[in-house]
$ cat final23.cif   # mmCIF, C-alpha atoms
data_run
loop_
_atom_site.label_atom_id
_atom_site.label_comp_id
_atom_site.auth_asym_id
_atom_site.auth_seq_id
_atom_site.Cartn_x
_atom_site.Cartn_y
_atom_site.Cartn_z
CA MET A 1 -75.56 60.63 28.16
CA THR A 2 -73.40 60.44 25.03
CA SER A 3 -71.05 57.46 25.00
CA ALA A 4 -67.35 58.29 25.02
CA ILE A 5 -66.62 55.72 22.29
CA ALA A 6 -69.16 53.66 20.35
CA VAL A 7 -67.97 50.95 17.97
CA ARG A 8 -70.58 49.27 15.77
CA GLY A 9 -69.95 46.33 13.43
CA LEU A 10 -66.31 47.26 12.91
CA SER A 11 -64.31 45.08 10.51
CA LYS A 12 -60.86 45.44 8.99
CA THR A 13 -58.74 43.11 6.88
CA TYR A 14 -55.15 43.32 5.72
CA GLY A 15 -54.94 41.02 2.73
CA ALA A 16 -56.02 37.60 3.99
CA HIS A 17 -55.70 38.62 7.65
CA GLN A 18 -58.90 39.54 9.49
CA ALA A 19 -57.68 42.10 12.02
CA LEU A 20 -61.17 43.01 13.29
CA ASP A 21 -64.33 40.98 12.77
CA ALA A 22 -67.66 42.79 13.38
CA VAL A 23 -66.59 44.33 16.69
CA ASP A 24 -69.29 45.97 18.82
CA LEU A 25 -68.16 47.95 21.85
CA VAL A 26 -69.50 50.89 23.85
CA ILE A 27 -67.38 52.78 26.39
CA GLU A 28 -69.37 55.16 28.55
CA SER A 29 -68.24 58.65 29.53
CA GLY A 30 -66.19 58.71 32.72
CA GLU A 31 -65.15 55.05 32.60
CA PHE A 32 -61.67 53.70 33.24
CA PHE A 33 -61.82 50.94 30.63
CA GLY A 34 -59.35 48.17 29.85
CA LEU A 35 -58.82 46.80 26.34
CA LEU A 36 -56.81 43.59 26.60
CA GLY A 37 -55.72 40.81 24.30
CA PRO A 38 -52.70 38.79 23.18
CA ASN A 39 -50.39 40.12 20.48
CA GLY A 40 -52.20 40.21 17.16
CA ALA A 41 -55.67 40.34 18.72
CA GLY A 42 -56.57 43.60 16.97
CA LYS A 43 -56.12 46.15 19.76
CA THR A 44 -53.79 48.49 17.86
CA THR A 45 -55.93 48.28 14.72
CA LEU A 46 -59.00 49.22 16.76
CA ILE A 47 -57.20 52.17 18.35
CA SER A 48 -55.89 53.31 14.96
CA ILE A 49 -59.43 53.36 13.56
CA ILE A 50 -60.75 55.25 16.59
CA ALA A 51 -57.93 57.79 16.18
CA GLY A 52 -58.63 58.22 12.45
CA LEU A 53 -55.27 56.79 11.39
CA THR A 54 -56.81 53.75 9.66
CA ARG A 55 -60.05 53.36 7.72
CA ALA A 56 -62.32 50.44 8.57
CA ASP A 57 -63.69 48.18 5.83
CA ALA A 58 -67.10 48.13 7.50
CA GLY A 59 -68.78 49.55 10.56
CA ARG A 60 -68.84 52.89 12.35
CA VAL A 61 -67.02 54.55 15.25
CA THR A 62 -67.99 57.68 17.15
CA VAL A 63 -66.07 59.64 19.78
CA MET A 64 -68.33 61.68 22.07
CA GLY A 65 -71.04 61.27 19.42
CA HIS A 66 -68.86 62.45 16.50
CA ASP A 67 -68.24 60.05 13.61
CA VAL A 68 -64.49 59.53 13.17
CA VAL A 69 -64.86 59.73 9.36
CA SER A 70 -67.61 62.21 8.57
CA ALA A 71 -66.94 64.47 11.59
CA TYR A 72 -63.27 63.76 12.01
CA ARG A 73 -62.28 67.22 13.27
CA ALA A 74 -64.71 67.10 16.17
CA ALA A 75 -63.89 63.45 16.90
CA ARG A 76 -60.15 64.08 17.05
CA SER A 77 -60.49 67.20 19.18
CA ASN A 78 -62.28 65.06 21.78
CA LEU A 79 -59.59 62.37 21.76
CA GLY A 80 -56.02 62.12 23.05
CA VAL A 81 -53.95 59.06 22.16
CA VAL A 82 -50.66 57.92 23.68
CA PRO A 83 -49.13 55.54 21.10
CA GLN A 84 -46.92 52.53 21.79
CA GLU A 85 -44.09 53.83 19.61
CA LEU A 86 -41.76 56.62 20.71
CA VAL A 87 -42.51 59.18 17.99
CA PHE A 88 -40.99 62.64 18.43
CA ASP A 89 -39.50 65.59 16.55
CA PRO A 90 -35.77 65.75 17.41
CA PHE A 91 -35.41 69.48 16.67
CA PHE A 92 -37.56 70.93 19.45
CA THR A 93 -37.47 71.22 23.22
CA VAL A 94 -40.15 69.69 25.43
CA ARG A 95 -41.99 73.00 25.88
CA GLU A 96 -41.81 73.76 22.15
CA THR A 97 -43.18 70.31 21.37
CA LEU A 98 -46.16 70.87 23.65
CA ARG A 99 -46.77 74.38 22.32
CA PHE A 100 -46.81 73.10 18.74
CA GLN A 101 -49.19 70.32 19.76
CA SER A 102 -51.46 72.97 21.32
CA GLY A 103 -51.33 74.93 18.07
CA TYR A 104 -52.63 71.95 16.11
CA TYR A 105 -55.85 72.31 18.11
CA GLY A 106 -56.00 76.10 17.82
CA LEU A 107 -54.84 76.73 21.40
CA THR A 108 -52.49 79.73 21.40
CA ARG A 109 -52.46 80.60 25.11
CA ASN A 110 -52.04 77.24 26.78
CA ASP A 111 -48.88 77.68 28.86
CA ASP A 112 -50.61 77.38 32.24
CA TRP A 113 -52.01 73.96 31.34
CA ILE A 114 -48.69 72.92 29.77
CA ASP A 115 -46.93 73.87 33.02
CA GLU A 116 -49.42 71.80 35.03
CA ILE A 117 -49.01 68.77 32.79
CA MET A 118 -45.21 68.97 32.93
CA HIS A 119 -45.31 69.34 36.71
CA ASN A 120 -47.57 66.30 37.15
CA LEU A 121 -45.48 64.18 34.78
CA GLY A 122 -42.12 65.20 36.25
CA LEU A 123 -41.07 67.12 33.15
CA SER A 124 -40.66 70.63 34.57
CA ASP A 125 -36.88 70.42 34.82
CA LYS A 126 -36.74 69.14 31.22
CA ALA A 127 -38.85 71.95 29.72
CA HIS A 128 -35.93 73.42 27.76
CA ALA A 129 -34.19 70.12 27.00
CA ASN A 130 -34.06 68.98 23.38
CA MET A 131 -36.16 65.89 22.70
CA ARG A 132 -33.08 64.06 21.37
CA ALA A 133 -31.39 64.39 24.76
CA LEU A 134 -34.17 62.70 26.72
CA SER A 135 -34.14 59.11 27.95
CA GLY A 136 -36.75 56.66 26.66
CA GLY A 137 -38.81 57.08 29.82
CA MET A 138 -38.77 60.87 29.53
CA LYS A 139 -39.79 60.70 25.87
CA ARG A 140 -42.77 58.57 26.87
CA ARG A 141 -43.75 61.19 29.44
CA VAL A 142 -43.75 63.78 26.65
CA LEU A 143 -46.02 61.54 24.56
CA VAL A 144 -48.47 61.43 27.45
CA ALA A 145 -48.25 65.22 27.79
CA GLN A 146 -48.93 65.67 24.05
CA ALA A 147 -52.07 63.55 24.32
CA LEU A 148 -53.35 65.69 27.20
CA VAL A 149 -52.35 69.14 25.99
CA HIS A 150 -55.76 69.98 24.43
CA ARG A 151 -57.69 68.65 27.47
CA PRO A 152 -59.54 65.87 25.60
CA PRO A 153 -62.48 64.23 27.39
CA VAL A 154 -61.39 60.80 26.07
CA ILE A 155 -57.82 59.55 26.57
CA VAL A 156 -56.49 56.33 25.02
CA LEU A 157 -53.30 54.91 26.53
CA ASP A 158 -51.70 52.23 24.33
CA GLU A 159 -49.08 50.45 26.47
CA PRO A 160 -48.13 53.69 28.27
CA THR A 161 -45.80 52.03 30.80
CA ALA A 162 -44.02 49.59 28.48
CA GLY A 163 -40.33 49.57 29.33
CA VAL A 164 -40.45 52.45 31.80
CA ASP A 165 -39.32 52.71 35.40
CA VAL A 166 -41.40 52.39 38.55
CA GLU A 167 -41.28 56.13 39.23
CA LEU A 168 -42.92 56.97 35.91
CA ARG A 169 -45.61 54.34 36.44
CA GLN A 170 -46.53 55.75 39.82
CA THR A 171 -46.44 59.36 38.60
CA LEU A 172 -48.47 58.56 35.50
CA TRP A 173 -51.17 56.57 37.28
CA GLN A 174 -51.59 59.18 39.99
CA PHE A 175 -52.16 61.87 37.35
CA ILE A 176 -54.37 59.73 35.09
CA THR A 177 -56.48 58.56 38.04
CA ARG A 178 -56.98 62.18 39.01
CA LEU A 179 -58.12 63.03 35.48
CA ASN A 180 -60.54 60.09 35.53
CA ARG A 181 -62.03 61.28 38.80
CA ALA A 182 -62.48 64.69 37.20
CA GLY A 183 -64.62 63.08 34.49
CA HIS A 184 -62.18 62.09 31.74
CA THR A 185 -62.73 58.74 30.07
CA ILE A 186 -59.62 56.55 30.10
CA VAL A 187 -59.07 53.59 27.76
CA LEU A 188 -56.04 51.47 28.61
CA THR A 189 -54.26 48.71 26.76
CA THR A 190 -51.47 47.05 28.69
CA HIS A 191 -49.52 43.82 29.03
CA TYR A 192 -49.21 44.51 32.76
CA LEU A 193 -52.44 42.86 33.84
CA GLU A 194 -52.06 43.94 37.45
CA GLU A 195 -52.42 47.53 36.22
CA ALA A 196 -55.65 46.75 34.42
CA GLU A 197 -56.99 44.82 37.40
CA SER A 198 -56.36 47.64 39.85
CA LEU A 199 -57.38 50.57 37.61
CA CYS A 200 -60.12 49.47 35.22
CA GLY A 201 -63.77 49.25 36.19
CA ARG A 202 -64.66 47.30 33.03
CA ILE A 203 -62.58 45.21 30.69
CA ALA A 204 -62.97 43.93 27.13
CA MET A 205 -60.78 41.10 25.86
CA LEU A 206 -60.03 40.68 22.17
CA LYS A 207 -58.94 37.49 20.47
CA ALA A 208 -58.44 37.10 16.71
CA GLY A 209 -60.26 40.37 16.04
CA GLN A 210 -63.35 39.58 18.11
CA VAL A 211 -64.55 40.61 21.56
CA VAL A 212 -64.51 37.38 23.57
CA ALA A 213 -65.22 38.90 27.00
CA LEU A 214 -66.75 42.17 28.19
CA ASP A 215 -67.70 42.75 31.79
CA ARG A 216 -66.91 44.52 35.02
CA THR A 217 -63.47 43.55 36.29
CA THR A 218 -64.84 42.19 39.56
CA ASP A 219 -67.42 40.08 37.72
CA LEU A 220 -64.80 38.66 35.37
CA LEU A 221 -62.70 37.61 38.36
CA CYS A 222 -65.65 36.01 40.15
CA ARG A 223 -66.97 34.20 37.08
CA HIS A 224 -63.81 32.87 35.47
CA ALA A 225 -60.90 32.81 37.92
CA SER A 226 -60.14 30.20 40.55
CA ALA A 227 -58.36 30.58 43.85
CA TYR A 228 -55.32 28.40 44.56
CA LEU A 229 -54.07 26.64 47.65
CA ARG A 230 -50.29 26.66 47.80
CA LEU A 231 -48.54 24.42 50.31
CA ARG A 232 -45.32 22.66 51.16
CA VAL A 233 -45.16 19.50 53.27
CA THR A 234 -42.52 17.25 54.79
CA GLY A 235 -42.28 14.11 52.67
CA ASP A 236 -44.25 13.07 49.60
CA LEU A 237 -47.91 13.81 49.05
CA PRO A 238 -50.33 10.87 48.97
CA ALA A 239 -50.43 9.54 45.42
CA GLY A 240 -54.11 10.34 44.86
CA LEU A 241 -53.63 13.94 45.97
CA ALA A 242 -50.47 14.50 43.95
CA THR A 243 -52.32 13.77 40.71
CA THR A 244 -54.71 16.66 41.32
CA GLY A 245 -52.06 19.27 42.13
CA GLU A 246 -49.33 21.13 40.28
CA ARG A 247 -45.72 20.71 41.42
CA LEU A 248 -43.94 24.06 41.68
CA ALA A 249 -40.27 24.98 41.82
CA GLY A 250 -38.79 24.52 45.28
CA GLY A 251 -40.96 21.55 46.17
CA ALA A 252 -44.23 23.40 46.78
CA TRP A 253 -47.60 22.26 45.44
CA ARG A 254 -50.51 24.25 44.07
CA PHE A 255 -54.16 23.16 43.94
CA ARG A 256 -56.94 24.92 42.04
CA LEU A 257 -60.01 25.63 44.20
CA ALA A 258 -63.49 25.91 42.73
CA THR A 259 -64.64 27.12 46.15
CA TYR A 260 -62.82 27.80 49.41
CA ASP A 261 -64.63 24.79 50.93
CA GLU A 262 -62.25 22.58 48.92
CA VAL A 263 -59.33 23.55 51.19
CA ALA A 264 -60.46 20.93 53.71
CA ALA A 265 -60.58 18.23 51.02
CA VAL A 266 -56.90 18.90 50.22
CA LEU A 267 -55.75 19.00 53.83
CA GLU A 268 -57.56 15.87 55.09
CA PRO A 269 -55.39 13.26 53.24
CA ILE A 270 -52.26 15.19 54.25
CA ARG A 271 -53.20 14.95 57.92
CA ALA A 272 -54.21 11.30 57.50
CA ALA A 273 -50.75 10.53 56.10
CA GLY A 274 -49.11 12.17 59.12
CA LEU A 275 -47.35 14.84 57.06
CA ALA A 276 -46.38 18.18 58.59
CA ILE A 277 -47.30 21.33 56.69
CA GLU A 278 -44.34 23.70 56.34
CA GLU A 279 -46.10 26.36 54.28
CA LEU A 280 -49.74 27.06 53.48
CA ARG A 281 -51.21 29.98 51.58
CA VAL A 282 -54.48 30.63 49.76
CA GLU A 283 -53.87 32.75 46.65
CA ALA A 284 -56.75 34.91 45.46
CA PRO A 285 -57.64 34.77 41.76
CA ASP A 286 -56.16 37.47 39.54
CA LEU A 287 -56.74 38.87 36.08
CA GLU A 288 -53.89 36.87 34.56
CA ASP A 289 -55.74 33.64 35.40
CA VAL A 290 -58.88 35.00 33.74
CA PHE A 291 -56.92 36.21 30.70
CA VAL A 292 -55.27 32.84 30.12
CA GLN A 293 -58.55 31.01 30.60
CA ILE A 294 -60.47 33.19 28.14
CA THR A 295 -57.86 33.89 25.45
CA GLY A 296 -55.62 30.86 25.88
CA GLY A 297 -52.49 32.99 25.80
CA ARG A 298 -50.40 35.60 27.56
CA ALA A 299 -51.04 39.33 27.46
#

$ encode --input "final23.cif" --output "structure tokens"
Amino acid sequence: MTSAIAVRGLSKTYGAHQALDAVDLVIESGEFFGLLGPNGAGKTTLISIIAGLTRADAGRVTVMGHDVVSAYRAARSNLGVVPQELVFDPFFTVRETLRFQSGYYGLTRNDDWIDEIMHNLGLSDKAHANMRALSGGMKRRVLVAQALVHRPPVIVLDEPTAGVDVELRQTLWQFITRLNRAGHTIVLTTHYLEEAESLCGRIAMLKAGQVVALDRTTDLLCRHASAYLRLRVTGDLPAGLATTGERLAGGAWRFRLATYDEVAAVLEPIRAAGLAIEELRVEAPDLEDVFVQITGGRA
């Protein structure tokens, strides 16, 4: 099977800044794939090269087997990109915008699909509204619609829910998940790590232009993250135990657990000291813990 996106030895510099450093990455057809990293890690540069907006200094990228440089028309027809920035033409309505976008790909009778996209993204009642009159959240919905209007098999979402309301997030993910189940490949970059954890089957993490982690989401969580025991007691913790925990706001304590068997080792000195436990909760590891551990920063 042809890979959805194949990146081989990709490098890019801007002056003295190494944005990408010999990146190798293969995203298979039908995946829901997460591309994560702190600000400045190289995510946007990588997406720009995949989309044909930036030329790499070295390396090669293909989309559905088509080289993004030598076969750029075929590569771009197989790709839909939702950019971070709100870019729109202020002189057209929503429907006109989507019709023009269809025309760029040679699609002249595409109204049925445009209607379906607008319905699924909650844009039907805005079809004849001028783009200037839309809220930021509605403009972002139109960007998503533009990326989907030519039915690309590969869809790249670059921070699609940044600064938008809960309703749009739910509507968008329901539609995108449906497209993924129908066979579309989804590539997601997001600072909302809970989204990546719940949606993405595999995740790559970039740091300083290099891939520093690449694995199934479940395997990343099992290999790198730790569970935590959170508790609150009456009185002060025994001195030896307090040095191993983290004091939280409100008087609670948190202890990192390498295994769940370590819960007993935390509770035994508390019982021996005659302290009553007011609150006790075991917190499962999450992707934010993994992200901080691997990249040393925030998303």

$ residues_around --input "final23.cif" --residues "Leu280 (chain A)" --least-positions-apart "3" --cutoff "8 Å" --atoms "all atoms listed in the file" --output "count of residues only"
5

$ residues_around --input "final23.cif" --residues "Leu214 (chain A)" --least-positions-apart "6" --cutoff "9 Å" --atoms "all atoms listed in the file" --output "list in words"
Leu25, Arg202, Ile203, Ala204, Met205 and Leu220 of chain A

$ resolve_selection --input "final23.cif" --expression "the PyMOL selection byres ((chain A and resi 112) around 12)" --output "PDB file with C-alpha atoms, in the frame of the given file"
ATOM      1  CA  ARG A  95     -41.990  73.000  25.880  1.00  0.00           C
ATOM      2  CA  LEU A  98     -46.160  70.870  23.650  1.00  0.00           C
ATOM      3  CA  ARG A  99     -46.770  74.380  22.320  1.00  0.00           C
ATOM      4  CA  SER A 102     -51.460  72.970  21.320  1.00  0.00           C
ATOM      5  CA  LEU A 107     -54.840  76.730  21.400  1.00  0.00           C
ATOM      6  CA  THR A 108     -52.490  79.730  21.400  1.00  0.00           C
ATOM      7  CA  ARG A 109     -52.460  80.600  25.110  1.00  0.00           C
ATOM      8  CA  ASN A 110     -52.040  77.240  26.780  1.00  0.00           C
ATOM      9  CA  ASP A 111     -48.880  77.680  28.860  1.00  0.00           C
ATOM     10  CA  TRP A 113     -52.010  73.960  31.340  1.00  0.00           C
ATOM     11  CA  ILE A 114     -48.690  72.920  29.770  1.00  0.00           C
ATOM     12  CA  ASP A 115     -46.930  73.870  33.020  1.00  0.00           C
ATOM     13  CA  GLU A 116     -49.420  71.800  35.030  1.00  0.00           C
ATOM     14  CA  ILE A 117     -49.010  68.770  32.790  1.00  0.00           C
ATOM     15  CA  MET A 118     -45.210  68.970  32.930  1.00  0.00           C
ATOM     16  CA  HIS A 119     -45.310  69.340  36.710  1.00  0.00           C
ATOM     17  CA  VAL A 149     -52.350  69.140  25.990  1.00  0.00           C
ATOM     18  CA  HIS A 150     -55.760  69.980  24.430  1.00  0.00           C
TER      19      HIS A 150
END

$ resolve_selection --input "final23.cif" --expression "the PyMOL selection byres ((chain A and resi 145) around 12)" --output "short mmCIF file (atom, residue, chain, number, x, y, z; two decimals) with C-alpha atoms, keeping the file's coordinate frame"
data_model
loop_
_atom_site.label_atom_id
_atom_site.label_comp_id
_atom_site.auth_asym_id
_atom_site.auth_seq_id
_atom_site.Cartn_x
_atom_site.Cartn_y
_atom_site.Cartn_z
CA GLY A 80 -56.02 62.12 23.05
CA VAL A 81 -53.95 59.06 22.16
CA VAL A 82 -50.66 57.92 23.68
CA PRO A 83 -49.13 55.54 21.10
CA VAL A 94 -40.15 69.69 25.43
CA ARG A 95 -41.99 73.00 25.88
CA THR A 97 -43.18 70.31 21.37
CA LEU A 98 -46.16 70.87 23.65
CA ARG A 99 -46.77 74.38 22.32
CA GLN A 101 -49.19 70.32 19.76
CA SER A 102 -51.46 72.97 21.32
CA TRP A 113 -52.01 73.96 31.34
CA ILE A 114 -48.69 72.92 29.77
CA ASP A 115 -46.93 73.87 33.02
CA GLU A 116 -49.42 71.80 35.03
CA ILE A 117 -49.01 68.77 32.79
CA MET A 118 -45.21 68.97 32.93
CA HIS A 119 -45.31 69.34 36.71
CA ASN A 120 -47.57 66.30 37.15
CA LEU A 121 -45.48 64.18 34.78
CA GLY A 122 -42.12 65.20 36.25
CA LEU A 123 -41.07 67.12 33.15
CA SER A 124 -40.66 70.63 34.57
CA ALA A 127 -38.85 71.95 29.72
CA MET A 138 -38.77 60.87 29.53
CA LYS A 139 -39.79 60.70 25.87
CA ARG A 140 -42.77 58.57 26.87
CA ARG A 141 -43.75 61.19 29.44
CA VAL A 142 -43.75 63.78 26.65
CA LEU A 143 -46.02 61.54 24.56
CA VAL A 144 -48.47 61.43 27.45
CA GLN A 146 -48.93 65.67 24.05
CA ALA A 147 -52.07 63.55 24.32
CA LEU A 148 -53.35 65.69 27.20
CA VAL A 149 -52.35 69.14 25.99
CA HIS A 150 -55.76 69.98 24.43
CA ARG A 151 -57.69 68.65 27.47
CA PRO A 152 -59.54 65.87 25.60
CA ILE A 155 -57.82 59.55 26.57
CA LEU A 157 -53.30 54.91 26.53
CA PRO A 160 -48.13 53.69 28.27
CA LEU A 172 -48.47 58.56 35.50
CA PHE A 175 -52.16 61.87 37.35
CA ILE A 176 -54.37 59.73 35.09
#

$ closest_residue --input "final23.cif" --among "A:Arg73, A:Thr13, A:Asp89, A:Pro38" --to "Ala56 (chain A)" --atoms "only C-alpha atoms"
A:Thr13

$ closest_residue --input "final23.cif" --among "A:Ser29, A:Ser70, A:Ser135, A:Thr45" --to "Arg181 (chain A)" --atoms "only C-alpha atoms"
A:Ser29

$ closest_residue --input "final23.cif" --among "A:Gly137, A:Gly52, A:Pro90, A:Gly245" --to "Ala71 (chain A)" --atoms "only C-alpha atoms"
A:Gly52

$ residues_near_point --input "final23.cif" --point "(-55.0, 45.1, 40.2)" --cutoff "12 Å" --atoms "only C-alpha atoms" --output "PDB file with C-alpha atoms, keeping the file's coordinate frame"
ATOM      1  CA  GLY A  34     -59.350  48.170  29.850  1.00  0.00           C
ATOM      2  CA  TYR A 192     -49.210  44.510  32.760  1.00  0.00           C
ATOM      3  CA  LEU A 193     -52.440  42.860  33.840  1.00  0.00           C
ATOM      4  CA  GLU A 194     -52.060  43.940  37.450  1.00  0.00           C
ATOM      5  CA  GLU A 195     -52.420  47.530  36.220  1.00  0.00           C
ATOM      6  CA  ALA A 196     -55.650  46.750  34.420  1.00  0.00           C
ATOM      7  CA  GLU A 197     -56.990  44.820  37.400  1.00  0.00           C
ATOM      8  CA  SER A 198     -56.360  47.640  39.850  1.00  0.00           C
ATOM      9  CA  LEU A 199     -57.380  50.570  37.610  1.00  0.00           C
ATOM     10  CA  CYS A 200     -60.120  49.470  35.220  1.00  0.00           C
ATOM     11  CA  GLY A 201     -63.770  49.250  36.190  1.00  0.00           C
ATOM     12  CA  THR A 217     -63.470  43.550  36.290  1.00  0.00           C
ATOM     13  CA  THR A 218     -64.840  42.190  39.560  1.00  0.00           C
ATOM     14  CA  LEU A 221     -62.700  37.610  38.360  1.00  0.00           C
ATOM     15  CA  ALA A 284     -56.750  34.910  45.460  1.00  0.00           C
ATOM     16  CA  PRO A 285     -57.640  34.770  41.760  1.00  0.00           C
ATOM     17  CA  ASP A 286     -56.160  37.470  39.540  1.00  0.00           C
ATOM     18  CA  LEU A 287     -56.740  38.870  36.080  1.00  0.00           C
ATOM     19  CA  GLU A 288     -53.890  36.870  34.560  1.00  0.00           C
TER      20      GLU A 288
END

$ build_atoms --input "final23.cif" --residues "region 163-178 of chain A" --atoms "N, CA and C atoms" --output "PDB file, keeping the file's coordinate frame"
ATOM      1  N   GLY A 163     -41.758  49.294  29.277  1.00  0.00           N
ATOM      2  CA  GLY A 163     -40.330  49.570  29.330  1.00  0.00           C
ATOM      3  C   GLY A 163     -39.936  50.792  30.116  1.00  0.00           C
ATOM      4  N   VAL A 164     -40.798  51.262  31.026  1.00  0.00           N
ATOM      5  CA  VAL A 164     -40.450  52.450  31.800  1.00  0.00           C
ATOM      6  C   VAL A 164     -40.261  52.079  33.263  1.00  0.00           C
ATOM      7  N   ASP A 165     -39.661  53.007  34.013  1.00  0.00           N
ATOM      8  CA  ASP A 165     -39.320  52.710  35.400  1.00  0.00           C
ATOM      9  C   ASP A 165     -40.522  52.858  36.326  1.00  0.00           C
ATOM     10  N   VAL A 166     -40.331  52.389  37.559  1.00  0.00           N
ATOM     11  CA  VAL A 166     -41.400  52.390  38.550  1.00  0.00           C
ATOM     12  C   VAL A 166     -41.867  53.804  38.864  1.00  0.00           C
ATOM     13  N   GLU A 167     -40.929  54.746  38.901  1.00  0.00           N
ATOM     14  CA  GLU A 167     -41.280  56.130  39.230  1.00  0.00           C
ATOM     15  C   GLU A 167     -42.274  56.693  38.226  1.00  0.00           C
ATOM     16  N   LEU A 168     -42.011  56.464  36.932  1.00  0.00           N
ATOM     17  CA  LEU A 168     -42.920  56.970  35.910  1.00  0.00           C
ATOM     18  C   LEU A 168     -44.292  56.314  36.047  1.00  0.00           C
ATOM     19  N   ARG A 169     -44.321  55.023  36.285  1.00  0.00           N
ATOM     20  CA  ARG A 169     -45.610  54.340  36.440  1.00  0.00           C
ATOM     21  C   ARG A 169     -46.426  54.975  37.551  1.00  0.00           C
ATOM     22  N   GLN A 170     -45.801  55.176  38.692  1.00  0.00           N
ATOM     23  CA  GLN A 170     -46.530  55.750  39.820  1.00  0.00           C
ATOM     24  C   GLN A 170     -46.986  57.170  39.522  1.00  0.00           C
ATOM     25  N   THR A 171     -46.090  57.978  38.938  1.00  0.00           N
ATOM     26  CA  THR A 171     -46.440  59.360  38.600  1.00  0.00           C
ATOM     27  C   THR A 171     -47.571  59.403  37.585  1.00  0.00           C
ATOM     28  N   LEU A 172     -47.464  58.569  36.559  1.00  0.00           N
ATOM     29  CA  LEU A 172     -48.470  58.560  35.500  1.00  0.00           C
ATOM     30  C   LEU A 172     -49.832  58.147  36.048  1.00  0.00           C
ATOM     31  N   TRP A 173     -49.877  57.059  36.823  1.00  0.00           N
ATOM     32  CA  TRP A 173     -51.170  56.570  37.280  1.00  0.00           C
ATOM     33  C   TRP A 173     -51.821  57.505  38.283  1.00  0.00           C
ATOM     34  N   GLN A 174     -51.022  58.193  39.083  1.00  0.00           N
ATOM     35  CA  GLN A 174     -51.590  59.180  39.990  1.00  0.00           C
ATOM     36  C   GLN A 174     -52.278  60.304  39.208  1.00  0.00           C
ATOM     37  N   PHE A 175     -51.612  60.782  38.160  1.00  0.00           N
ATOM     38  CA  PHE A 175     -52.160  61.870  37.350  1.00  0.00           C
ATOM     39  C   PHE A 175     -53.377  61.399  36.557  1.00  0.00           C
ATOM     40  N   ILE A 176     -53.275  60.233  35.915  1.00  0.00           N
ATOM     41  CA  ILE A 176     -54.370  59.730  35.090  1.00  0.00           C
ATOM     42  C   ILE A 176     -55.588  59.410  35.958  1.00  0.00           C
ATOM     43  N   THR A 177     -55.366  58.846  37.137  1.00  0.00           N
ATOM     44  CA  THR A 177     -56.480  58.560  38.040  1.00  0.00           C
ATOM     45  C   THR A 177     -57.182  59.843  38.454  1.00  0.00           C
ATOM     46  N   ARG A 178     -56.401  60.895  38.669  1.00  0.00           N
ATOM     47  CA  ARG A 178     -56.980  62.180  39.010  1.00  0.00           C
ATOM     48  C   ARG A 178     -57.833  62.730  37.872  1.00  0.00           C
TER      49      ARG A 178
END
